[in-house]
Every structure is written in C-alpha cells, then in structure tokens.
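Q: Got a structure for you, structure.tsv, holding TSV, C-alpha atoms.
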```
chain	number	residue	atom	x	y	z
A	194	MET	CA	20.88	23.96	-6.45
A	195	THR	CA	21.23	20.46	-5.06
A	196	VAL	CA	23.87	19.29	-2.63
A	197	SER	CA	25.09	15.71	-2.46
A	198	SER	CA	25.67	14.15	0.92
A	199	PRO	CA	26.62	10.55	1.71
A	200	GLU	CA	24.55	10.80	4.89
A	201	LEU	CA	21.41	11.50	2.85
A	202	LYS	CA	21.90	8.96	0.10
A	203	LEU	CA	19.99	5.71	-0.26
A	204	GLU	CA	22.55	3.19	-1.45
A	205	LEU	CA	20.43	0.59	-3.18
A	206	PRO	CA	20.66	-1.04	-6.61
A	207	PRO	CA	17.57	-1.30	-8.82
A	208	LEU	CA	14.98	-3.81	-7.62
A	209	GLN	CA	14.60	-6.82	-9.87
A	210	LEU	CA	11.20	-8.52	-9.90
A	211	GLY	CA	11.44	-11.26	-12.50
A	212	PRO	CA	11.74	-9.48	-15.85
A	213	ILE	CA	10.85	-6.11	-14.30
A	214	THR	CA	13.54	-3.68	-13.22
A	215	VAL	CA	12.42	-1.01	-10.76
A	216	ASP	CA	15.19	1.59	-11.00
A	217	THR	CA	14.04	3.36	-7.82
A	218	PRO	CA	13.25	0.54	-5.35
A	219	VAL	CA	10.33	2.32	-3.75
A	220	ILE	CA	6.85	0.80	-3.79
A	221	LEU	CA	3.56	2.59	-3.21
A	222	ALA	CA	1.60	0.26	-0.95
A	223	PRO	CA	-1.90	-0.62	-2.14
A	224	MET	CA	-4.45	1.23	-0.02
A	225	ALA	CA	-8.21	0.86	-0.42
A	226	GLY	CA	-9.84	4.07	-1.59
A	227	ILE	CA	-6.44	5.75	-1.97
A	228	THR	CA	-4.18	4.24	-4.63
A	229	ASN	CA	-6.51	4.62	-7.59
A	230	LYS	CA	-5.34	5.83	-11.00
A	231	ALA	CA	-5.54	9.48	-9.95
A	232	PHE	CA	-3.33	9.17	-6.87
A	233	ARG	CA	-0.87	6.88	-8.61
A	234	ARG	CA	-0.41	9.48	-11.36
A	235	LEU	CA	0.18	12.24	-8.80
A	236	CYS	CA	2.86	10.17	-7.09
A	237	ARG	CA	4.52	9.19	-10.38
A	238	GLU	CA	4.83	12.83	-11.38
A	239	TYR	CA	7.08	13.44	-8.37
A	240	GLY	CA	9.38	10.41	-8.45
A	241	GLY	CA	10.16	6.91	-9.61
A	242	GLY	CA	9.08	3.59	-8.19
A	243	LEU	CA	6.47	0.86	-8.47
A	244	TYR	CA	2.89	2.00	-7.94
A	245	VAL	CA	0.43	-0.69	-6.88
A	246	SER	CA	-3.32	-0.43	-7.44
A	247	GLU	CA	-5.97	-0.75	-4.77
A	248	MET	CA	-6.53	-4.29	-3.61
A	249	VAL	CA	-9.11	-6.31	-5.54
A	250	THR	CA	-10.70	-9.46	-4.16
A	251	SER	CA	-10.26	-12.57	-6.24
A	252	ARG	CA	-13.94	-13.45	-5.96
A	253	ALA	CA	-15.06	-10.03	-7.20
A	254	LEU	CA	-12.66	-10.24	-10.12
A	255	VAL	CA	-13.81	-13.71	-11.10
A	256	GLU	CA	-17.40	-12.48	-10.93
A	257	ARG	CA	-16.34	-9.44	-12.98
A	258	SER	CA	-17.97	-6.91	-10.73
A	259	PRO	CA	-17.79	-3.42	-12.32
A	260	GLU	CA	-15.91	-2.06	-9.30
A	261	SER	CA	-13.25	-4.76	-9.48
A	262	LEU	CA	-12.69	-4.07	-13.17
A	263	ARG	CA	-12.37	-0.34	-12.43
A	264	ILE	CA	-9.81	-1.01	-9.70
A	265	ILE	CA	-7.48	-2.92	-12.03
A	266	GLU	CA	-7.53	-0.22	-14.73
A	267	HIS	CA	-4.25	1.53	-15.43
A	268	ASP	CA	-3.25	4.63	-17.36
A	269	GLU	CA	-1.66	3.90	-20.71
A	270	ASP	CA	1.64	5.38	-19.58
A	271	GLU	CA	1.95	3.27	-16.42
A	272	LYS	CA	5.06	1.30	-17.31
A	273	VAL	CA	4.30	-1.51	-14.87
A	274	ARG	CA	0.64	-2.39	-14.35
A	275	SER	CA	0.71	-3.59	-10.76
A	276	VAL	CA	-2.33	-5.24	-9.15
A	277	GLN	CA	-2.80	-6.44	-5.59
A	278	LEU	CA	-5.08	-9.44	-5.14
A	279	TYR	CA	-6.74	-10.73	-1.99
A	280	GLY	CA	-8.14	-14.21	-1.62
A	281	VAL	CA	-8.59	-17.12	0.75
A	282	ASP	CA	-9.37	-19.95	-1.64
A	283	PRO	CA	-6.60	-21.30	-3.90
A	284	VAL	CA	-9.01	-22.15	-6.70
A	285	THR	CA	-10.56	-18.68	-6.76
A	286	VAL	CA	-7.18	-16.96	-6.50
A	287	GLY	CA	-5.92	-19.07	-9.39
A	288	ALA	CA	-8.97	-18.21	-11.50
A	289	ALA	CA	-8.52	-14.50	-10.79
A	290	ILE	CA	-4.87	-14.61	-11.82
A	291	ARG	CA	-5.79	-16.42	-15.03
A	292	ILE	CA	-8.05	-13.49	-15.91
A	293	LEU	CA	-5.20	-11.04	-15.30
A	294	VAL	CA	-2.82	-13.20	-17.34
A	295	GLU	CA	-4.99	-14.28	-20.25
A	296	GLU	CA	-6.54	-10.84	-20.74
A	297	ASP	CA	-3.19	-9.04	-20.35
A	298	ARG	CA	-4.33	-6.86	-17.47
A	299	ALA	CA	-1.21	-6.86	-15.27
A	300	ASP	CA	2.59	-6.93	-15.39
A	301	HIS	CA	3.04	-7.58	-11.65
A	302	ILE	CA	0.75	-9.21	-9.09
A	303	ASP	CA	0.96	-8.88	-5.31
A	304	LEU	CA	-0.92	-11.03	-2.79
A	305	ASN	CA	-2.28	-9.42	0.38
A	306	PHE	CA	-1.69	-11.32	3.62
A	307	GLY	CA	-1.52	-8.22	5.80
A	308	CYS	CA	-5.09	-7.06	6.37
A	309	PRO	CA	-5.78	-6.65	10.13
A	310	VAL	CA	-9.46	-5.65	9.81
A	311	PRO	CA	-11.61	-7.70	12.24
A	312	LYS	CA	-14.28	-8.64	9.70
A	313	VAL	CA	-11.52	-10.26	7.60
A	314	THR	CA	-9.44	-11.91	10.32
A	315	ARG	CA	-12.60	-13.19	12.03
A	316	LYS	CA	-13.11	-15.33	8.92
A	317	GLY	CA	-9.48	-16.44	8.80
A	318	GLY	CA	-8.38	-14.05	6.08
A	319	GLY	CA	-5.74	-11.32	5.84
A	320	SER	CA	-3.02	-11.43	8.48
A	321	ALA	CA	-4.71	-14.41	10.18
A	322	LEU	CA	-4.25	-16.62	7.11
A	323	PRO	CA	-0.49	-17.41	7.24
A	324	TRP	CA	-1.11	-19.17	10.58
A	325	LYS	CA	-2.66	-21.98	8.54
A	326	LEU	CA	0.41	-23.27	6.74
A	327	ASP	CA	-1.47	-25.61	4.41
A	328	LEU	CA	-3.82	-22.89	3.17
A	329	PHE	CA	-1.08	-20.27	2.83
A	330	THR	CA	1.15	-22.68	0.90
A	331	ALA	CA	-1.66	-23.72	-1.46
A	332	ILE	CA	-2.60	-20.13	-2.28
A	333	VAL	CA	0.97	-18.96	-2.92
A	334	GLN	CA	1.94	-22.01	-4.97
A	335	THR	CA	-1.22	-21.75	-7.10
A	336	ALA	CA	-0.71	-18.02	-7.62
A	337	VAL	CA	2.93	-18.39	-8.68
A	338	LYS	CA	2.05	-21.24	-11.05
A	339	GLU	CA	-0.67	-19.22	-12.82
A	340	ALA	CA	1.33	-15.97	-12.98
A	341	SER	CA	4.43	-17.73	-14.28
A	342	LYS	CA	2.55	-18.80	-17.42
A	343	ALA	CA	3.06	-15.25	-18.67
A	344	ASN	CA	6.35	-14.64	-16.83
A	345	ILE	CA	4.55	-12.22	-14.48
A	346	PRO	CA	6.37	-11.79	-11.15
A	347	LEU	CA	4.28	-12.49	-8.06
A	348	THR	CA	5.07	-10.97	-4.68
A	349	ILE	CA	3.44	-11.12	-1.25
A	350	LYS	CA	2.86	-8.53	1.47
A	351	MET	CA	2.35	-9.68	5.05
A	352	ARG	CA	2.61	-8.74	8.72
A	353	LYS	CA	4.72	-10.24	11.50
A	354	GLY	CA	1.84	-12.44	12.59
A	355	ILE	CA	-1.35	-12.42	14.61
A	356	ASP	CA	0.29	-11.20	17.82
A	357	GLU	CA	3.67	-11.52	19.52
A	358	ASP	CA	2.80	-15.04	20.69
A	359	HIS	CA	1.75	-16.18	17.22
A	360	LEU	CA	4.32	-14.91	14.74
A	361	THR	CA	4.24	-16.23	11.19
A	362	PHE	CA	6.55	-14.04	9.11
A	363	LEU	CA	9.64	-16.27	9.03
A	364	GLU	CA	7.79	-19.46	8.08
A	365	ALA	CA	5.58	-17.61	5.60
A	366	GLY	CA	8.62	-15.93	4.06
A	367	ARG	CA	10.41	-19.25	3.57
A	368	ILE	CA	7.31	-20.89	2.08
A	369	ALA	CA	6.86	-17.97	-0.29
A	370	ARG	CA	10.54	-18.07	-1.28
A	371	ASP	CA	10.39	-21.83	-1.90
A	372	SER	CA	7.21	-21.35	-3.94
A	373	GLY	CA	8.98	-18.99	-6.32
A	374	VAL	CA	7.78	-15.52	-5.37
A	375	ALA	CA	9.76	-12.58	-6.76
A	376	ALA	CA	9.88	-10.65	-3.45
A	377	VAL	CA	8.47	-10.59	0.06
A	378	ALA	CA	7.28	-7.38	1.75
A	379	LEU	CA	6.92	-7.21	5.53
A	380	HIS	CA	4.99	-4.65	7.54
A	381	GLY	CA	6.71	-4.66	10.91
A	382	ARG	CA	3.54	-4.93	12.98
A	383	THR	CA	1.27	-7.75	14.08
A	384	ALA	CA	-2.43	-7.86	13.29
A	385	SER	CA	-3.24	-7.09	16.93
A	386	GLN	CA	-1.25	-3.85	16.74
A	387	PHE	CA	-3.30	-2.59	13.78
A	388	TYR	CA	-1.31	0.61	13.03
A	389	SER	CA	-0.53	1.54	16.65
A	390	GLY	CA	2.85	1.75	18.32
A	391	LYS	CA	6.08	1.49	16.37
A	392	ALA	CA	6.86	-0.79	13.48
A	393	ASP	CA	9.40	-3.47	14.40
A	394	TRP	CA	12.27	-2.89	12.00
A	395	ASN	CA	14.27	-5.59	13.78
A	396	ALA	CA	11.78	-8.17	12.50
A	397	ILE	CA	12.30	-6.85	8.99
A	398	ALA	CA	16.06	-7.25	9.44
A	399	GLU	CA	15.51	-10.78	10.74
A	400	LEU	CA	13.50	-11.69	7.64
A	401	ARG	CA	16.14	-10.12	5.40
A	402	GLU	CA	18.79	-12.31	7.03
A	403	ALA	CA	16.61	-15.44	6.81
A	404	LEU	CA	15.93	-14.97	3.09
A	405	PRO	CA	19.26	-14.04	1.46
A	406	ASP	CA	18.14	-15.40	-1.92
A	407	VAL	CA	14.99	-13.34	-2.55
A	408	PRO	CA	14.35	-9.56	-2.36
A	409	VAL	CA	12.87	-8.43	0.96
A	410	LEU	CA	11.00	-5.13	1.20
A	411	GLY	CA	10.38	-3.15	4.39
A	412	ASN	CA	7.14	-1.40	5.35
A	413	GLY	CA	6.11	0.58	8.40
A	414	ASP	CA	6.75	4.08	9.80
A	415	ILE	CA	8.41	5.60	6.75
A	416	TRP	CA	7.24	9.19	6.97
A	417	SER	CA	10.19	10.83	5.22
A	418	ALA	CA	13.15	10.12	2.97
A	419	GLU	CA	15.32	10.12	6.08
A	420	ASP	CA	13.15	7.35	7.57
A	421	ALA	CA	13.67	5.30	4.40
A	422	ILE	CA	17.43	5.77	4.64
A	423	ALA	CA	17.35	4.70	8.30
A	424	MET	CA	15.31	1.59	7.52
A	425	VAL	CA	17.61	0.49	4.71
A	426	ARG	CA	20.68	0.96	6.88
A	427	GLN	CA	19.17	-0.84	9.87
A	428	THR	CA	17.57	-3.75	8.04
A	429	GLY	CA	19.46	-4.26	4.77
A	430	VAL	CA	16.21	-4.46	2.78
A	431	ASP	CA	16.21	-4.33	-1.01
A	432	GLY	CA	13.47	-1.71	-1.19
A	433	VAL	CA	10.93	0.22	0.87
A	434	VAL	CA	7.15	0.17	0.79
A	435	ILE	CA	5.35	3.46	1.46
A	436	GLY	CA	1.80	3.43	2.80
A	437	ARG	CA	0.26	6.04	5.09
A	438	GLY	CA	3.35	8.25	4.85
A	439	CYS	CA	2.32	9.54	1.43
A	440	GLN	CA	-1.29	10.30	2.30
A	441	GLY	CA	-1.71	13.98	1.53
A	442	ARG	CA	1.96	14.05	0.46
A	443	PRO	CA	2.43	12.59	-3.02
A	444	TRP	CA	5.67	14.59	-3.17
A	445	LEU	CA	7.23	12.12	-0.71
A	446	PHE	CA	8.19	10.10	-3.79
A	447	GLY	CA	10.13	13.12	-5.03
A	448	ASP	CA	11.99	13.24	-1.73
A	449	LEU	CA	12.79	9.54	-2.03
A	450	GLN	CA	14.01	10.02	-5.59
A	451	ALA	CA	16.29	12.80	-4.36
A	452	ALA	CA	17.60	10.56	-1.57
A	453	PHE	CA	18.59	7.92	-4.12
A	454	GLU	CA	20.46	10.59	-6.04
A	455	GLY	CA	22.24	11.83	-2.90
A	456	SER	CA	20.53	15.20	-3.06
A	457	GLU	CA	19.46	17.24	-0.03
A	458	THR	CA	16.52	18.62	-1.99
A	459	ARG	CA	13.21	18.02	-0.22
A	460	HIS	CA	9.68	19.19	-0.95
A	461	ARG	CA	8.60	21.69	1.66
A	462	PRO	CA	5.45	23.07	0.01
A	463	GLY	CA	3.77	26.25	1.10
A	464	LEU	CA	-0.01	26.45	1.24
A	465	LYS	CA	-0.29	27.58	-2.38
A	466	GLU	CA	1.51	24.49	-3.70
A	467	VAL	CA	-0.55	22.19	-1.49
A	468	SER	CA	-3.79	23.74	-2.72
A	469	GLU	CA	-2.64	23.26	-6.32
A	470	SER	CA	-1.96	19.58	-5.63
A	471	VAL	CA	-5.39	19.17	-4.04
A	472	TYR	CA	-7.12	20.68	-7.07
A	473	ARG	CA	-5.09	18.58	-9.51
A	474	HIS	CA	-5.87	15.48	-7.46
A	475	ALA	CA	-9.59	16.31	-7.70
A	476	GLU	CA	-9.37	16.85	-11.46
A	477	LEU	CA	-7.65	13.49	-11.92
A	478	LEU	CA	-10.34	11.84	-9.79
A	479	VAL	CA	-13.00	13.29	-12.09
A	480	GLU	CA	-11.22	11.57	-14.99
A	481	THR	CA	-10.92	8.34	-13.01
A	482	PHE	CA	-14.56	8.17	-11.94
A	483	GLY	CA	-16.02	9.81	-15.03
A	484	GLY	CA	-17.89	12.51	-13.11
A	485	GLU	CA	-17.70	15.03	-10.28
A	486	MET	CA	-20.01	13.41	-7.74
A	487	MET	CA	-17.87	10.36	-6.97
A	488	ALA	CA	-14.63	12.28	-7.48
A	489	LEU	CA	-15.43	15.04	-5.00
A	490	ARG	CA	-16.78	12.54	-2.53
A	491	ASP	CA	-13.44	10.73	-2.79
A	492	ILE	CA	-11.23	13.81	-2.37
A	493	ARG	CA	-12.88	14.78	0.92
A	494	LYS	CA	-11.02	12.17	2.99
A	495	HIS	CA	-7.69	13.54	1.73
A	496	MET	CA	-8.25	17.08	3.03
A	497	ALA	CA	-7.09	16.51	6.62
A	498	TRP	CA	-3.95	14.76	5.32
A	499	TYR	CA	-3.06	17.49	2.81
A	500	PHE	CA	-3.55	20.34	5.27
A	501	LYS	CA	-2.06	18.66	8.37
A	502	GLY	CA	-0.11	21.34	10.24
A	503	TYR	CA	-1.12	24.22	7.98
A	504	VAL	CA	-3.07	27.24	9.20
A	505	VAL	CA	-6.55	26.62	7.83
A	506	GLY	CA	-9.59	27.89	9.71
A	507	GLY	CA	-12.02	25.43	11.24
A	508	ASP	CA	-14.96	26.59	9.13
A	509	LEU	CA	-12.93	26.32	5.94
A	510	ARG	CA	-11.68	22.85	6.91
A	511	ALA	CA	-15.29	21.76	7.47
A	512	GLN	CA	-16.32	23.07	4.06
A	513	LEU	CA	-13.39	21.36	2.35
A	514	ALA	CA	-14.41	18.09	4.00
A	515	THR	CA	-17.86	18.31	2.38
A	516	VAL	CA	-16.92	19.94	-0.93
A	517	PRO	CA	-19.54	19.07	-3.65
A	518	THR	CA	-18.06	20.30	-6.95
A	519	LEU	CA	-14.82	21.38	-8.60
A	520	ALA	CA	-16.13	24.95	-8.81
A	521	VAL	CA	-16.78	25.08	-5.08
A	522	LEU	CA	-13.39	23.48	-4.41
A	523	ARG	CA	-11.71	26.21	-6.44
A	524	GLU	CA	-13.57	28.91	-4.45
A	525	LEU	CA	-12.57	27.36	-1.14
A	526	LEU	CA	-8.93	26.89	-2.08
A	527	ASP	CA	-8.77	30.51	-3.25
A	528	GLN	CA	-9.56	31.57	0.32
A	529	LEU	CA	-6.27	30.11	1.57
A	530	ASP	CA	-3.29	32.38	2.18
A	531	PRO	CA	-1.03	31.82	-0.86
A	532	GLU	CA	1.94	33.22	1.05
A	533	ALA	CA	1.67	30.82	3.99
A	534	PRO	CA	4.94	28.86	4.23
A	535	TYR	CA	5.62	25.22	4.99
A	536	PRO	CA	4.82	24.77	8.71
A	537	GLY	CA	7.71	22.42	9.42
A	538	VAL	CA	7.40	19.54	11.86
A	539	ASP	CA	3.65	20.09	12.32
A	540	ALA	CA	3.08	18.90	8.73
A	541	GLU	CA	5.27	15.83	9.12
A	542	GLY	CA	5.13	12.48	10.86
A	543	PRO	CA	2.26	10.01	11.22
A	544	ARG	CA	-1.05	10.59	9.47
A	545	GLY	CA	-4.27	8.64	9.34
A	546	ARG	CA	-5.87	6.62	12.11
A	547	ALA	CA	-3.52	4.31	13.97
A	548	GLY	CA	-6.20	2.44	15.88
A	549	SER	CA	-5.33	0.81	19.18
A	550	PRO	CA	-3.91	-2.59	20.08
A	551	LYS	CA	-6.59	-5.22	20.54
A	552	LYS	CA	-7.00	-8.95	20.49
A	553	THR	CA	-7.36	-10.12	16.90
A	554	ALA	CA	-10.75	-11.53	16.00
A	555	LEU	CA	-10.29	-15.12	14.77
A	556	PRO	CA	-12.45	-18.11	13.86
A	557	GLU	CA	-13.20	-20.52	16.67
A	558	ASN	CA	-10.20	-22.68	17.65
A	559	TRP	CA	-8.07	-21.03	14.94
A	560	LEU	CA	-4.87	-21.11	17.00
A	561	GLU	CA	-5.16	-24.73	18.10
A	562	SER	CA	-3.52	-26.07	14.94
A	563	ARG	CA	-1.43	-24.81	12.03
A	564	GLU	CA	-3.73	-26.67	9.63
A	565	LEU	CA	-7.39	-26.14	8.73
A	566	ASN	CA	-9.98	-28.43	10.27
A	567	ALA	CA	-13.25	-29.35	8.56
A	568	ALA	CA	-15.26	-26.57	10.20
A	569	GLN	CA	-12.70	-23.94	9.30
A	570	LYS	CA	-12.61	-25.08	5.69
A	571	SER	CA	-16.34	-24.51	5.48
A	572	ILE	CA	-16.15	-20.88	6.66
A	573	ILE	CA	-12.90	-19.71	5.09
A	574	SER	CA	-14.51	-18.62	1.81
A	575	ALA	CA	-16.57	-16.06	3.72
A	576	ALA	CA	-13.37	-14.08	4.26
A	577	GLU	CA	-13.40	-12.83	0.66
A	578	LEU	CA	-14.81	-9.39	1.35
A	579	ASN	CA	-14.20	-6.04	-0.31
A	580	ILE	CA	-11.98	-4.91	2.53
A	581	SER	CA	-8.36	-3.86	2.45
A	582	GLY	CA	-5.49	-2.96	4.73
A	583	GLY	CA	-2.08	-4.20	5.69
```
As structure tokens, how would this structure be written, given the file I've shared?
A:
Amino acid sequence: MTVSSPELKLELPPLQLGPITVDTPVILAPMAGITNKAFRRLCREYGGGLYVSEMVTSRALVERSPESLRIIEHDEDEKVRSVQLYGVDPVTVGAAIRILVEEDRADHIDLNFGCPVPKVTRKGGGSALPWKLDLFTAIVQTAVKEASKANIPLTIKMRKGIDEDHLTFLEAGRIARDSGVAAVALHGRTASQFYSGKADWNAIAELREALPDVPVLGNGDIWSAEDAIAMVRQTGVDGVVIGRGCQGRPWLFGDLQAAFEGSETRHRPGLKEVSESVYRHAELLVETFGGEMMALRDIRKHMAWYFKGYVVGGDLRAQLATVPTLAVLRELLDQLDPEAPYPGVDAEGPRGRAGSPKKTALPENWLESRELNAAQKSIISAAELNISGG
C-alpha cells in the first residue's frame, strides 16, 4: 500500500533537453569506474531518469582507444544514450563530438567542468578551466555547434569555482546559456572543497535565479528522496543530479520515483535484498566486461557502499573486498544472515571519500588573468587525462 503526502512529493514537470523529454527529472551523475552499463541498468530497473555514462576524454575518443569506445557503449534498451565528455582543447572536443554525431553514438552529450582532481586542475582542466573565459567560451560554443548538427542537446556540469575567492559559476552559466546549451548542472562546492563540508544550495538557487531561461540542475548532498525534495524547494531547480548518494544504493532512484508520485514508499532493504543486488550487479558487470576477472575486480569497490551500516563480520567484509569469482561471491553472500533487517540511519547518509579542503593545484600564474597567456596555451593540452570527478 502506498500513501500520498504533499510533504513528500516532488513537484516538478518533466525536464526538457532539446528534443528529449525526461519524465522524471533525475540525472545519474557520471562517475568514473561507477556508471558503466551494468550500474546504469541496475538504477534504471528501480526508477526513471537520465543515466549518464562514465566520462570519456575527447582525446581518447578521437584516438579511438578501446577503453573510450567501451565507455560510450549503451544497452539497446537505453532510451537516451547519454555521454559525458571531458576536454580542454576546442578543436579536439569538436572532433570528439563529430564522432558521436556522425556515427550515431549518443542522444545527449554533457561536458565536464567539475573535476577537482589535482592532476587535472594543475594543468588547467576540470573545475579550473572556467576561470579562463576565452577557453571556456570556445569549448562550449564549438561543442554546441557540432552537437546541433544532429539536434543533440548539449549540457554542462560544473562547480562553483576554484575557491570562495575565485567563483566562476555565474559567468560560466551565462556563457553556456548564451552559447545554446540545453541545461546547466551545478555541484554546490568549489574545487578546493573536493567533496568535504556541505554543498552550497544557496549558490544553486542563485544560479537558478540568474538563468531563468534555461534549465538548471542541482547536485550535491542528495542522499535520500527527502534531500531531493528539500533541494528543489530551497533552490527552485528543474531537476536533481545524483552522484555519490546512489553508490551501493541503486534503489535510491526508486525512492525518487516514488517521491515524484507523492508516495511514502521507500526502499529499506534487509541484508538478503542487498546481497541479491550485489550478485546481480556482479553478473551485469561480467556481461559488460566480457569476463569474470575484470568484473569481479570492479565489484570489490562497491562492497563497503552496499553493506554500510549492516552487520557483516570483519573477516567476511575483507573476503568480499577481494572476491575473485562469481562462485566465490555466491558462497560469501550465502554466509550473510538473510533475516537481518534494514539497519536504519547507519545505512544512510554520506558514502565514499569526501577528501579534505585544500588549495587547488593550478598552473603557474593561472589566477592573474581571466584569459590564457602564451605559456598556458602551450600546457593546456596536457590536461586531457583519463581522470574523472565533479
């Protein structure tokens, strides 16, 4: 039985991205090593939304590296093939988008300007890039131009800025809007925060107010359907972006679906249901990678997220974190107490490493001007690394 409650209902219309209508305006954020075909399928089975692939670098795609081509693969039943692209050179980004367009590999393209990883920002990439207005404008305008040739909507995802003294989100949002993007997503943290502290939902509200004529999406600290409701009410965003909150909890998208329908129904899985999800996840990874070795290596990092708060012995946790085959995984999961209930608050809230605030690594003299100088132009291409985040 479900119970409707106005206090638990997300009052949002479908999200319109160019020709694409997302009935449930919830977006799975691209996460490196997480949002592959297997995890996207798990999430889709619980609820509606837009499910974005892992980030692919424009250089790797242009060079047709096998890994980049694997990343942009989609299941045949994925209604919207969504790809996130990272790049620092307008020419290379344009070439990568032409591949996606001309070879019919995507229905939606997102650009990553949110990566806070030092090895990226040190080269001027990720969340450091919008500081350089000329470079940011050139990349976004080129990307929109190439994607529009096939009427493919292009969106961007970014952070507030480098730090509180060097904010970029309002200018970047306006440039993106004027360049013709279909939506702008903002993670309410600076690069220097990494994932620490609290996301600044007030900044998201400020961007929403500054850009009344383009959809704005909010990201940061959505750990439950109730958090999503609170963000929408506080900020007025047109949709929410879910990142770390769904790690080890693909059923969060079911909770969000219920919230849009005004239902109080929430997934509160006991240990048996969690173990079934873990095994299904592993099976889907075997399909994705074409073998057990890579698949079981991939599932290991998910174990702590899935079993957060549940009573699982230390020895068993250690074995799950090094599981070598599906057969061994089955044996280990069968040792769990199938009657163990949902542990409540211990299984909820933040997951994954938050990191700690630190000064953002930047190229020499990066903050002295909003435009690239000759030396910076010569090093910027080195920022195209196979690194993700945001």
Q: Under the rule that all atoms listed in the file are counted, which of A:Ala533, A:Val255, A:Pro517, A:Cys439 is the nearest residue to His495 of chain A?
A: A:Cys439
Q: Got a sec: who's within 10 Å of segment 421-423 of chain A, counting only C-alpha atoms, leaving out chain neighbours fewer than 4 positions off, as a list in words?
A: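 Contacts, with the query itself left out: Glu200, Leu201, Lys202, Leu203, Glu204, Leu205, Val219, Trp394, Gly411, Asn412, Gly413, Asp414, Ile415, Trp416, Ser417, Gln427, Thr428, Gly429, Gly432, Val433, Val434, Ile435, Leu449, Ala452 and Phe453 of chain A.
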Q: Atom CA of Arg442 of chain A and atom CA of Tyr503 of chain A, how far apart in Å?
A: 13.0 Å
Q: Quick one: residues within 10 Å of segment 538-540 of chain A, all atoms listed in the file, excluding same-chain residues fewer than 5 positions away - as a VMD selection string?
A: chain A and resid 441 to 442 461 to 462 498 to 503
Q: Please, which residues in segment 328-401 of chain A fall within 7 Å of segment 304-319 of chain A when counting only C-alpha atoms, and what is the closest atom pair and distance in Å to one decimal for each, ordered by chain then residue number, as CSV?
A:
```
residue,atom,partner,partner_atom,distance
A:Thr348,CA,A:Leu304,CA,6.3
A:Ile349,CA,A:Leu304,CA,4.6
A:Lys350,CA,A:Asn305,CA,5.3
A:Met351,CA,A:Gly307,CA,4.2
A:Arg352,CA,A:Gly307,CA,5.1
A:Ala384,CA,A:Pro309,CA,4.8
A:Phe387,CA,A:Pro309,CA,6.0
```
Q: Every residue with an atom at most 7 Å from (3.4, -3.8, -1.6) (file coordinates; only C-alpha atoms) is what I'm after, so could you write them as a PDB file with C-alpha atoms, keeping the file's coordinate frame?
A:
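Saved as point-v4.pdb:
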```pdb
ATOM      1  CA  ILE A 220       6.850   0.800  -3.790  1.00  0.00           C
ATOM      2  CA  LEU A 221       3.560   2.590  -3.210  1.00  0.00           C
ATOM      3  CA  ALA A 222       1.600   0.260  -0.950  1.00  0.00           C
ATOM      4  CA  PRO A 223      -1.900  -0.620  -2.140  1.00  0.00           C
ATOM      5  CA  VAL A 245       0.430  -0.690  -6.880  1.00  0.00           C
ATOM      6  CA  ASP A 303       0.960  -8.880  -5.310  1.00  0.00           C
ATOM      7  CA  LYS A 350       2.860  -8.530   1.470  1.00  0.00           C
ATOM      8  CA  ALA A 378       7.280  -7.380   1.750  1.00  0.00           C
ATOM      9  CA  VAL A 434       7.150   0.170   0.790  1.00  0.00           C
TER      10      VAL A 434
END
```
Q: Between atom CA of Lys552 of chain A and atom CA of Ser320 of chain A, what is the distance in Å, rounded to a tenth?
A: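 About the pair atom CA of Lys552 of chain A and atom CA of Ser320 of chain A: they are 12.9 Å apart.
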Q: May I ask for the distance between atom CA of Asp491 of chain A and atom CA of Ala511 of chain A, given in Å to one decimal place?
A: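 Between atom CA of Asp491 of chain A and atom CA of Ala511 of chain A the gap works out to 15.2 Å.
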Q: Return the single residue from A:Pro405, A:Pro283, A:Gly436, A:Pro536 that is closest to Ile573 of chain A, with distances computed using only C-alpha atoms.
A: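 The answer is A:Pro283, which sits nearest to Ile573 of chain A.
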Q: Within 12 Å of Val521 of chain A, counting all atoms listed in the file, which residues qualify if same-chain residues fewer than 6 places away don't, as an MDAnalysis selection string?
A: chainID A and resid 472 475 485 489 509 512:515 527:528
Q: Let me make sure I understand: among A:Leu477, A:Pro323, A:Arg252, A:Ile492, which one has the smallest atom-to-atom distance to Trp559 of chain A if we use only C-alpha atoms?
A: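 The answer is A:Pro323, which sits nearest to Trp559 of chain A.
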Q: I want to know what sits within 8 Å of Thr481 of chain A, based on only C-alpha atoms, with residues of the same chain fewer than 4 positions away left out; could you give that as a PyMOL selection string?
A: chain A and resi 229-231+477+488
Q: For Gln440 of chain A, which residue among A:Glu469, A:Glu541, A:Asp371, A:Asp268 is the nearest when counting all atoms listed in the file?
A: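 Comparing A:Glu469, A:Glu541, A:Asp371, A:Asp268 against Gln440 of chain A, the winner is A:Glu541.
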